[in-house]
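Undergrad: Input structure: upload_24.txt, which contains compact mmCIF, C-alpha atoms.
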```txt
# COMPACT_ATOMS: atom_id res chain seq x y z
CA MET A 1 9.56 -103.26 0.23
CA SER A 2 7.22 -100.96 -1.58
CA THR A 3 5.87 -102.14 -4.91
CA GLU A 4 6.39 -98.64 -6.27
CA THR A 5 10.16 -98.94 -6.34
CA ALA A 6 10.55 -101.43 -9.16
CA ALA A 7 14.08 -101.64 -10.53
CA LYS A 8 12.79 -102.53 -13.98
CA THR A 9 9.50 -102.29 -15.83
CA VAL A 10 8.39 -104.44 -18.72
CA ASP A 11 5.46 -103.20 -20.79
CA VAL A 12 3.45 -105.98 -22.44
CA LYS A 13 0.35 -103.94 -23.13
CA GLY A 14 -1.42 -105.17 -26.24
CA GLN A 15 0.18 -108.60 -26.07
CA ASN A 16 -1.74 -111.75 -25.43
CA CYS A 17 -1.03 -115.24 -24.08
CA PRO A 18 1.69 -116.56 -23.94
CA MET A 19 3.69 -113.34 -24.43
CA PRO A 20 3.19 -111.69 -20.99
CA VAL A 21 4.73 -114.68 -19.18
CA ILE A 22 7.56 -115.07 -21.69
CA LYS A 23 8.46 -111.37 -21.58
CA THR A 24 8.20 -111.45 -17.79
CA LYS A 25 10.64 -114.34 -17.59
CA GLY A 26 13.04 -112.58 -19.99
CA ALA A 27 12.99 -109.33 -18.00
CA PHE A 28 13.16 -111.15 -14.66
CA ASP A 29 16.42 -112.77 -15.76
CA GLU A 30 17.93 -109.29 -15.97
CA VAL A 31 16.81 -108.20 -12.50
CA ALA A 32 19.33 -108.49 -9.68
CA ALA A 33 18.58 -110.39 -6.49
CA GLY A 34 16.60 -108.22 -4.08
CA GLU A 35 15.16 -106.09 -6.89
CA THR A 36 11.58 -105.94 -8.07
CA LEU A 37 10.24 -106.22 -11.59
CA GLU A 38 7.06 -104.43 -12.62
CA VAL A 39 4.99 -105.92 -15.44
CA ILE A 40 2.27 -103.85 -17.10
CA ALA A 41 -0.23 -105.85 -19.15
CA THR A 42 -3.63 -105.53 -20.77
CA ASP A 43 -4.24 -109.28 -20.98
CA SER A 44 -6.62 -110.25 -18.15
CA GLY A 45 -5.23 -113.78 -18.30
CA SER A 46 -1.90 -112.41 -17.13
CA LEU A 47 -3.29 -112.34 -13.56
CA SER A 48 -3.46 -116.11 -13.33
CA ASP A 49 -0.56 -116.80 -15.74
CA ILE A 50 2.01 -114.63 -13.97
CA LYS A 51 0.79 -115.86 -10.56
CA GLY A 52 1.31 -119.47 -11.71
CA TRP A 53 4.70 -118.67 -13.20
CA ALA A 54 5.86 -116.96 -9.99
CA GLU A 55 4.63 -119.88 -7.88
CA SER A 56 6.73 -122.37 -9.83
CA THR A 57 9.78 -120.15 -10.11
CA ALA A 58 11.91 -120.56 -7.01
CA GLU A 59 13.54 -117.12 -7.06
CA ALA A 60 10.30 -115.22 -7.90
CA ASP A 61 8.20 -113.73 -5.13
CA LEU A 62 4.95 -112.19 -6.35
CA LEU A 63 4.50 -109.13 -4.14
CA ASP A 64 1.33 -107.71 -5.63
CA GLN A 65 -1.07 -107.69 -8.55
CA LYS A 66 -3.17 -104.59 -9.26
CA GLU A 67 -6.07 -103.94 -11.59
CA THR A 68 -6.51 -100.35 -12.74
CA THR A 69 -8.15 -98.48 -15.58
CA GLU A 70 -6.15 -96.04 -17.64
CA GLY A 71 -7.81 -94.14 -20.46
CA GLY A 72 -10.74 -96.57 -20.50
CA GLU A 73 -8.40 -99.57 -20.80
CA ASP A 74 -8.07 -102.27 -18.14
CA ILE A 75 -4.48 -102.49 -16.94
CA TYR A 76 -2.98 -105.30 -14.89
CA LYS A 77 0.20 -104.55 -12.95
CA HIS A 78 2.35 -107.23 -11.42
CA TYR A 79 5.24 -106.82 -8.98
CA ILE A 80 7.70 -109.67 -8.70
CA LYS A 81 10.71 -109.60 -6.43
CA LYS A 82 13.80 -111.68 -7.03
CA VAL A 83 14.59 -113.33 -3.71
CA GLU A 84 18.18 -113.27 -2.48
CA MET B 1 42.21 -161.27 -6.01
CA SER B 2 45.15 -163.45 -5.07
CA THR B 3 44.98 -165.33 -1.81
CA ASP B 4 48.66 -166.01 -1.90
CA ILE B 5 50.05 -163.75 0.78
CA THR B 6 53.72 -163.04 0.51
CA ALA B 7 55.47 -163.87 3.69
CA GLY B 8 57.28 -160.99 5.26
CA SER B 9 54.98 -158.33 3.77
CA ASP B 10 54.00 -155.94 6.52
CA ALA B 11 50.68 -154.88 4.84
CA ASP B 12 47.74 -156.57 6.47
CA PRO B 13 45.41 -157.81 3.68
CA ALA B 14 42.34 -157.21 5.82
CA VAL B 15 43.29 -153.57 6.30
CA GLU B 16 43.97 -153.20 2.59
CA ASP B 17 40.52 -154.65 1.71
CA LEU B 18 38.88 -152.31 4.16
CA ALA B 19 40.61 -149.27 2.65
CA GLU B 20 39.57 -150.37 -0.81
CA LEU B 21 35.98 -150.84 0.34
CA GLN B 22 36.01 -147.45 2.01
CA ALA B 23 37.22 -145.81 -1.21
CA ARG B 24 34.51 -147.60 -3.19
CA ILE B 25 31.82 -146.45 -0.77
CA GLU B 26 32.99 -142.85 -1.05
CA GLU B 27 32.98 -143.12 -4.83
CA LEU B 28 29.41 -144.47 -4.85
CA GLU B 29 28.25 -141.82 -2.40
CA ALA B 30 29.60 -139.08 -4.64
CA GLU B 31 27.91 -140.66 -7.63
CA LEU B 32 24.62 -140.95 -5.76
CA SER B 33 24.64 -137.33 -4.66
CA GLU B 34 25.37 -136.28 -8.24
CA VAL B 35 22.39 -138.27 -9.52
CA ARG B 36 20.17 -137.00 -6.71
CA ASP B 37 21.20 -133.43 -7.47
CA GLU B 38 20.37 -133.90 -11.12
CA VAL B 39 16.95 -135.40 -10.34
CA GLU B 40 16.06 -132.80 -7.73
CA ASN B 41 17.62 -129.66 -9.13
CA GLY B 42 18.23 -130.39 -12.81
CA PRO B 43 15.94 -128.76 -15.35
CA LYS B 44 12.74 -130.62 -16.14
CA LYS B 45 12.08 -131.64 -19.69
CA MET B 46 9.13 -131.45 -22.05
CA VAL B 47 8.88 -132.98 -25.50
CA ILE B 48 6.12 -132.14 -27.97
CA ILE B 49 5.59 -134.01 -31.20
CA ALA B 50 3.95 -131.57 -33.64
CA THR B 51 2.25 -133.35 -36.54
CA LYS B 52 -0.31 -130.83 -37.81
CA GLY B 53 0.21 -127.87 -40.11
CA THR B 54 -3.09 -126.02 -40.09
CA LEU B 55 -3.24 -122.48 -38.73
CA ASP B 56 -5.17 -123.51 -35.61
CA MET B 57 -2.98 -126.52 -34.83
CA ALA B 58 0.28 -124.62 -35.29
CA TYR B 59 -0.38 -122.55 -32.16
CA PRO B 60 -0.65 -125.04 -29.27
CA PRO B 61 2.84 -126.59 -29.63
CA LEU B 62 4.56 -123.20 -29.89
CA ILE B 63 2.57 -121.59 -27.08
CA LEU B 64 3.22 -124.52 -24.75
CA ALA B 65 6.88 -124.78 -25.74
CA SER B 66 7.68 -121.10 -25.15
CA THR B 67 5.69 -121.10 -21.91
CA ALA B 68 7.43 -124.22 -20.59
CA ALA B 69 10.78 -122.60 -21.40
CA ALA B 70 9.72 -119.60 -19.28
CA PHE B 71 9.04 -122.08 -16.46
CA GLY B 72 12.64 -123.26 -16.75
CA TYR B 73 11.97 -126.45 -18.73
CA ASP B 74 14.28 -127.87 -21.36
CA VAL B 75 11.94 -128.09 -24.33
CA THR B 76 12.15 -130.01 -27.58
CA VAL B 77 9.48 -129.82 -30.28
CA PHE B 78 9.85 -132.52 -32.88
CA HIS B 79 8.00 -131.50 -36.07
CA THR B 80 7.01 -134.27 -38.40
CA PHE B 81 4.67 -134.63 -41.39
CA TRP B 82 2.51 -131.49 -41.72
CA GLY B 83 4.04 -130.15 -38.52
CA LEU B 84 7.02 -129.22 -40.72
CA GLU B 85 4.93 -126.42 -42.23
CA ILE B 86 5.25 -124.55 -38.92
CA LEU B 87 9.04 -124.42 -39.27
CA HIS B 88 9.03 -123.75 -43.01
CA GLU B 89 9.82 -120.03 -43.16
CA LYS B 90 7.68 -119.30 -46.21
CA ASN B 91 4.80 -121.73 -45.62
CA SER B 92 4.48 -120.82 -41.95
CA LYS B 93 3.33 -117.35 -42.96
CA ASN B 94 0.58 -118.83 -45.09
CA LEU B 95 -0.89 -121.61 -42.96
CA LYS B 96 -4.52 -122.36 -43.71
CA LEU B 97 -7.57 -123.36 -41.82
CA SER B 98 -9.90 -126.08 -43.05
CA SER B 99 -13.57 -125.22 -43.03
CA VAL B 100 -14.69 -128.85 -43.41
CA GLY B 101 -14.72 -131.47 -40.71
CA ASN B 102 -15.01 -128.95 -37.92
CA PRO B 103 -18.57 -128.85 -36.56
CA ASN B 104 -17.76 -125.66 -34.65
CA MET B 105 -17.42 -123.72 -37.89
CA PRO B 106 -20.36 -121.41 -38.52
CA VAL B 107 -20.90 -122.90 -42.01
CA PRO B 108 -22.38 -126.34 -42.82
CA ASN B 109 -19.90 -128.85 -44.27
CA ALA B 110 -21.76 -128.95 -47.61
CA ILE B 111 -21.11 -125.24 -48.08
CA ALA B 112 -17.67 -125.32 -46.45
CA ALA B 113 -16.54 -127.78 -49.14
CA LEU B 114 -17.14 -125.26 -51.92
CA PRO B 115 -14.06 -123.84 -53.67
CA GLY B 116 -12.64 -120.75 -51.98
CA MET B 117 -14.18 -121.50 -48.57
CA ASP B 118 -10.89 -122.47 -46.94
CA ARG B 119 -9.42 -119.19 -48.08
CA MET B 120 -12.35 -117.31 -46.60
CA THR B 121 -12.29 -119.06 -43.22
CA THR B 122 -8.51 -118.67 -43.07
CA ARG B 123 -8.86 -114.94 -43.68
CA MET B 124 -11.53 -114.69 -40.98
CA MET B 125 -9.29 -116.53 -38.53
CA ARG B 126 -6.28 -114.35 -39.38
CA ASN B 127 -8.32 -111.23 -38.75
CA LYS B 128 -9.50 -112.61 -35.42
CA ILE B 129 -5.91 -113.40 -34.44
CA LYS B 130 -4.88 -109.87 -35.30
CA ASP B 131 -7.87 -108.23 -33.57
CA ASN B 132 -7.23 -110.22 -30.41
CA GLU B 133 -3.55 -109.31 -30.38
CA VAL B 134 -2.46 -112.93 -30.54
CA ALA B 135 1.15 -113.34 -31.65
CA SER B 136 1.91 -114.55 -35.15
CA ILE B 137 3.47 -117.98 -35.75
CA ALA B 138 6.73 -116.28 -36.81
CA GLU B 139 6.83 -114.30 -33.55
CA LEU B 140 6.22 -117.45 -31.50
CA ILE B 141 9.01 -119.24 -33.35
CA ASP B 142 11.33 -116.31 -32.60
CA VAL B 143 10.57 -116.24 -28.88
CA SER B 144 10.77 -120.03 -28.66
CA LEU B 145 14.22 -120.10 -30.24
CA GLU B 146 15.32 -117.14 -28.11
CA SER B 147 14.27 -118.95 -24.96
CA GLY B 148 16.26 -122.00 -25.93
CA VAL B 149 13.52 -124.28 -27.25
CA ASP B 150 14.97 -126.90 -29.61
CA LEU B 151 12.73 -126.84 -32.69
CA GLN B 152 13.47 -130.00 -34.64
CA ALA B 153 12.48 -130.89 -38.19
CA CYS B 154 12.16 -134.63 -38.86
CA GLN B 155 14.64 -135.54 -41.58
CA MET B 156 12.54 -138.35 -43.06
CA THR B 157 9.56 -136.03 -43.67
CA ILE B 158 11.83 -133.23 -44.95
CA ASP B 159 12.91 -135.68 -47.67
CA LEU B 160 9.39 -137.04 -48.13
CA LEU B 161 7.87 -133.61 -48.72
CA GLY B 162 10.82 -132.53 -50.87
CA TYR B 163 11.94 -129.69 -48.62
CA ASP B 164 15.45 -128.36 -48.21
CA GLU B 165 17.20 -127.52 -44.94
CA ALA B 166 17.48 -123.91 -46.10
CA ASP B 167 13.66 -123.66 -46.22
CA PHE B 168 13.44 -123.64 -42.44
CA TYR B 169 13.95 -120.84 -39.95
CA ASP B 170 17.53 -120.25 -38.82
CA GLY B 171 18.10 -122.14 -35.61
CA VAL B 172 15.89 -125.11 -36.50
CA THR B 173 17.55 -128.47 -35.90
CA THR B 174 17.53 -130.83 -38.88
CA GLY B 175 19.00 -134.27 -39.41
CA VAL B 176 17.01 -135.83 -36.58
CA GLY B 177 14.73 -138.82 -36.61
CA ALA B 178 12.32 -140.88 -34.56
CA ALA B 179 15.10 -142.44 -32.48
CA SER B 180 16.35 -139.12 -31.16
CA ALA B 181 12.78 -137.95 -30.55
CA PHE B 182 12.08 -141.17 -28.67
CA GLN B 183 15.22 -140.81 -26.60
CA ASP B 184 14.18 -137.28 -25.65
CA MET B 185 10.72 -138.56 -24.72
CA VAL B 186 12.17 -141.25 -22.45
CA GLU B 187 14.05 -138.60 -20.49
CA ALA B 188 11.19 -136.08 -20.45
CA ASP B 189 8.78 -135.31 -17.64
CA ILE B 190 6.06 -134.31 -20.10
CA GLN B 191 5.45 -135.80 -23.54
CA LEU B 192 2.70 -134.51 -25.83
CA LEU B 193 1.52 -135.41 -29.30
CA VAL B 194 -0.16 -132.51 -31.07
```
Would you encode the structure as structure tokens?

TA:
Amino acid sequence: MSTETAAKTVDVKGQNCPMPVIKTKGAFDEVAAGETLEVIATDSGSLSDIKGWAESTAEADLLDQKETTEGGEDIYKHYIKKVE
Amino acid sequence: MSTDITAGSDADPAVEDLAELQARIEELEAELSEVRDEVENGPKKMVIIATKGTLDMAYPPLILASTAAAFGYDVTVFHTFWGLEILHEKNSKNLKLSSVGNPNMPVPNAIAALPGMDRMTTRMMRNKIKDNEVASIAELIDVSLESGVDLQACQMTIDLLGYDEADFYDGVTTGVGAASAFQDMVEADIQLLV
């Protein structure tokens, strides 16, 4: 499954620990099985935090994590699929 | 059990005992699988005892509690003594930082003890929190309650400090004491004192 076809996107830009993980969990609860959630963050700690969260969450499969720069700002994108 | 077997009864006592035993085994097996299911698949628990009410010490319990809830844990935070300030709606927005007794502060203790220094260091810390986009205590309380964290205010210290139940955020549990906190700790996988 392509990471570009996320069913839902949660934007946590400008929010710091622990908010990215908490908002991710909240949005992930609303995603149906088989669908992918996209999380867009500016917190560099979200790379390790969301990875750890996905590892300990049975139904979460971390497909990809991307680092990009948009308008001079570092952006971290996470793609988590809800397993069926 | 009576050993006096009625003559003429066509039920064999040995067969009856066996059936009874069989039923008991099935009952115990069901009970065991229920317990095993609870241990293996039931939510894990974390209990934090929050005893401090300074701006810096208010953060760790709330950050850990809301994070653990996101990991699927049942979380209880028992606030006692100055930890109550975190749940006090008005006071929580005005928590202070002490400039004395912390060797990591950029000012020597002798100067930090001067009047007005706590106010200054608190303001500096608040600005840093804002600049670094760290959530406020009120926001963390909101997300904690939303994610099902049980924020408890120790009744004994509510009375001791002269607070009223209405002083606390909506959703805070009051009327609890050390015994219920202890009971929660016994059942928890993680217990922390902050």

Undergrad: Can you check which parts of region 40-64 of chain A lie within 12 Å of region 12-22 of chain A? Per residue, the shortest pair of atoms and distance in Å to one decimal, counting all atoms listed in the file, sorted by chain and number, as a tab-separated table.

TA:
```
residue	atom	partner	partner_atom	distance
A:Ile40	CA	A:Val12	CA	5.9
A:Ala41	CA	A:Lys13	CA	4.5
A:Thr42	CA	A:Lys13	CA	4.9
A:Asp43	CA	A:Asn16	CA	5.7
A:Ser44	CA	A:Asn16	CA	8.9
A:Gly45	CA	A:Cys17	CA	7.3
A:Ser46	CA	A:Pro20	CA	6.4
A:Leu47	CA	A:Pro20	CA	9.9
A:Ser48	CA	A:Val21	CA	10.2
A:Asp49	CA	A:Val21	CA	6.7
A:Ile50	CA	A:Val21	CA	5.9
A:Lys51	CA	A:Val21	CA	9.6
A:Gly52	CA	A:Val21	CA	9.5
A:Trp53	CA	A:Val21	CA	7.2
A:Ala54	CA	A:Val21	CA	9.5
A:Thr57	CA	A:Val21	CA	11.7
```

Undergrad: Please, which residues of chain B lie no more than 10 Å from chain A when the count uses only C-alpha atoms, and can they be set out as a PyMOL selection string?

TA: chain B and resi 62-72+132-135+139-140+143-144+146-147

Undergrad: How many Å lie between CA of Phe81 (chain B) and CA of Ala58 (chain B), rounded to one decimal?

TA: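 Taking CA of Phe81 (chain B) as the start and CA of Ala58 (chain B) as the end point, the length is 12.5 Å.
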
Undergrad: I'd like the contact shell of Asp189 (chain B) - 7 Å cut-off, all atoms listed in the file, skipping same-chain residues fewer than 5 positions apart - returned as number ranges by chain.

TA: B: 44-46

Undergrad: Which residues are close to region 102-110 of chain B, i.e. within 9 Å by all atoms listed in the file, leaving aside same-chain residues fewer than 4 positions away? Reply as a list in words.

TA: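 The residues that qualify are Ser98, Leu114 and Thr121 of chain B.
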
Undergrad: Would you list the contacts of Val172 (chain B) as number ranges by chain, taking every protein, DNA or RNA residue within 8 Å and counting all atoms listed in the file, but skipping same-chain residues closer than 5 positions in sequence?

TA: B: 87, 150-153

Undergrad: Save out the residues we just selected, C-alpha atoms, as a tab-separated table (two decimals), in the frame of the given file.

TA:
```
chain	number	residue	atom	x	y	z
B	87	LEU	CA	9.04	-124.42	-39.27
B	150	ASP	CA	14.97	-126.90	-29.61
B	151	LEU	CA	12.73	-126.84	-32.69
B	152	GLN	CA	13.47	-130.00	-34.64
B	153	ALA	CA	12.48	-130.89	-38.19
```

Undergrad: Which residues, written as a PyMOL selection string, have at least one atom at most 12 Å from Arg123 (chain B), with all atoms listed in the file counted and residues fewer than 6 positions away on the same chain left out?

TA: chain B and resi 55+94-99+116-117+129-130

Undergrad: Between CA of Ala27 (chain A) and CA of Thr69 (chain A), what distance in Å does the model show, to one decimal?

TA: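 Interatomic distance, CA of Ala27 (chain A) to CA of Thr69 (chain A): 23.9 Å.
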
Undergrad: Quick check, in Å to one decimal: how far apart do CA of Arg126 (chain B) and CA of Ala50 (chain B) lie?

TA: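 Between CA of Arg126 (chain B) and CA of Ala50 (chain B) the gap is 20.8 Å.
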
Undergrad: Would you kindly return, as an NGL selection string, each protein, DNA or RNA residue with an atom no farther than 9 Å from any atom of Glu85 (chain B), considering only C-alpha atoms and excluding same-chain residues fewer than 4 positions away?

TA: :B and (52-54 or 58 or 79-81 or 89-92 or 95 or 168)

Undergrad: Take region 91-102 of chain B, bring it up to all heavy atoms, and give me the output as an mmCIF file, in the frame of the given file.

TA:
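Produced file rebuild38.cif, reproduced below:
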```cif
data_model
loop_
_atom_site.group_PDB
_atom_site.id
_atom_site.type_symbol
_atom_site.label_atom_id
_atom_site.label_comp_id
_atom_site.auth_asym_id
_atom_site.auth_seq_id
_atom_site.Cartn_x
_atom_site.Cartn_y
_atom_site.Cartn_z
ATOM 1 N N ASN B 91 6.133 -121.145 -45.819
ATOM 2 C CA ASN B 91 4.800 -121.730 -45.620
ATOM 3 C C ASN B 91 4.167 -121.354 -44.283
ATOM 4 O O ASN B 91 2.943 -121.279 -44.172
ATOM 5 C CB ASN B 91 4.868 -123.262 -45.726
ATOM 6 C CG ASN B 91 5.263 -123.715 -47.124
ATOM 7 O OD1 ASN B 91 5.473 -122.884 -48.008
ATOM 8 N ND2 ASN B 91 5.366 -125.021 -47.328
ATOM 9 N N SER B 92 5.022 -121.116 -43.278
ATOM 10 C CA SER B 92 4.480 -120.820 -41.950
ATOM 11 C C SER B 92 3.721 -119.507 -41.934
ATOM 12 O O SER B 92 2.893 -119.269 -41.061
ATOM 13 C CB SER B 92 5.615 -120.761 -40.920
ATOM 14 O OG SER B 92 6.390 -119.597 -41.136
ATOM 15 N N LYS B 93 4.020 -118.644 -42.910
ATOM 16 C CA LYS B 93 3.330 -117.350 -42.960
ATOM 17 C C LYS B 93 2.029 -117.459 -43.739
ATOM 18 O O LYS B 93 1.301 -116.489 -43.891
ATOM 19 C CB LYS B 93 4.255 -116.297 -43.586
ATOM 20 C CG LYS B 93 5.420 -116.013 -42.647
ATOM 21 C CD LYS B 93 6.458 -115.100 -43.253
ATOM 22 C CE LYS B 93 7.551 -114.845 -42.240
ATOM 23 N NZ LYS B 93 8.890 -115.139 -42.747
ATOM 24 N N ASN B 94 1.761 -118.653 -44.249
ATOM 25 C CA ASN B 94 0.580 -118.830 -45.090
ATOM 26 C C ASN B 94 -0.176 -120.092 -44.704
ATOM 27 O O ASN B 94 -0.719 -120.782 -45.555
ATOM 28 C CB ASN B 94 1.053 -118.895 -46.561
ATOM 29 C CG ASN B 94 -0.075 -118.686 -47.528
ATOM 30 O OD1 ASN B 94 -1.076 -118.051 -47.182
ATOM 31 N ND2 ASN B 94 0.053 -119.256 -48.715
ATOM 32 N N LEU B 95 -0.172 -120.411 -43.416
ATOM 33 C CA LEU B 95 -0.890 -121.610 -42.960
ATOM 34 C C LEU B 95 -2.386 -121.393 -43.128
ATOM 35 O O LEU B 95 -2.880 -120.281 -43.006
ATOM 36 C CB LEU B 95 -0.553 -121.902 -41.490
ATOM 37 C CG LEU B 95 0.909 -122.198 -41.185
ATOM 38 C CD1 LEU B 95 1.100 -122.434 -39.689
ATOM 39 C CD2 LEU B 95 1.402 -123.403 -41.977
ATOM 40 N N LYS B 96 -3.077 -122.491 -43.438
ATOM 41 C CA LYS B 96 -4.520 -122.360 -43.710
ATOM 42 C C LYS B 96 -5.358 -123.108 -42.697
ATOM 43 O O LYS B 96 -4.867 -123.978 -41.971
ATOM 44 C CB LYS B 96 -4.805 -122.888 -45.120
ATOM 45 C CG LYS B 96 -4.169 -122.035 -46.198
ATOM 46 C CD LYS B 96 -4.403 -122.626 -47.569
ATOM 47 C CE LYS B 96 -3.532 -121.952 -48.597
ATOM 48 N NZ LYS B 96 -2.102 -122.328 -48.450
ATOM 49 N N LEU B 97 -6.604 -122.737 -42.708
ATOM 50 C CA LEU B 97 -7.570 -123.360 -41.820
ATOM 51 C C LEU B 97 -8.539 -124.140 -42.704
ATOM 52 O O LEU B 97 -8.907 -123.668 -43.767
ATOM 53 C CB LEU B 97 -8.320 -122.239 -41.090
ATOM 54 C CG LEU B 97 -9.120 -122.604 -39.865
ATOM 55 C CD1 LEU B 97 -8.172 -123.054 -38.762
ATOM 56 C CD2 LEU B 97 -9.906 -121.399 -39.404
ATOM 57 N N SER B 98 -8.930 -125.335 -42.268
ATOM 58 C CA SER B 98 -9.900 -126.080 -43.050
ATOM 59 C C SER B 98 -11.295 -125.785 -42.537
ATOM 60 O O SER B 98 -11.533 -125.792 -41.337
ATOM 61 C CB SER B 98 -9.625 -127.580 -42.971
ATOM 62 O OG SER B 98 -10.648 -128.257 -43.656
ATOM 63 N N SER B 99 -12.200 -125.511 -43.474
ATOM 64 C CA SER B 99 -13.570 -125.220 -43.030
ATOM 65 C C SER B 99 -14.397 -126.489 -42.937
ATOM 66 O O SER B 99 -15.472 -126.481 -42.351
ATOM 67 C CB SER B 99 -14.226 -124.205 -43.971
ATOM 68 O OG SER B 99 -13.530 -124.091 -45.169
ATOM 69 N N VAL B 100 -13.913 -127.606 -43.509
ATOM 70 C CA VAL B 100 -14.690 -128.850 -43.410
ATOM 71 C C VAL B 100 -14.197 -129.687 -42.232
ATOM 72 O O VAL B 100 -13.055 -129.571 -41.797
ATOM 73 C CB VAL B 100 -14.613 -129.708 -44.701
ATOM 74 C CG1 VAL B 100 -15.473 -129.133 -45.790
ATOM 75 C CG2 VAL B 100 -13.199 -129.910 -45.145
ATOM 76 N N GLY B 101 -15.093 -130.525 -41.756
ATOM 77 C CA GLY B 101 -14.720 -131.470 -40.710
ATOM 78 C C GLY B 101 -14.656 -130.857 -39.329
ATOM 79 O O GLY B 101 -14.269 -131.517 -38.377
ATOM 80 N N ASN B 102 -15.004 -129.583 -39.226
ATOM 81 C CA ASN B 102 -15.010 -128.950 -37.920
ATOM 82 C C ASN B 102 -16.430 -128.460 -37.628
ATOM 83 O O ASN B 102 -16.854 -127.437 -38.146
ATOM 84 C CB ASN B 102 -14.023 -127.781 -37.886
ATOM 85 C CG ASN B 102 -13.971 -127.111 -36.527
ATOM 86 O OD1 ASN B 102 -14.773 -127.405 -35.645
ATOM 87 N ND2 ASN B 102 -13.022 -126.208 -36.367
#
```
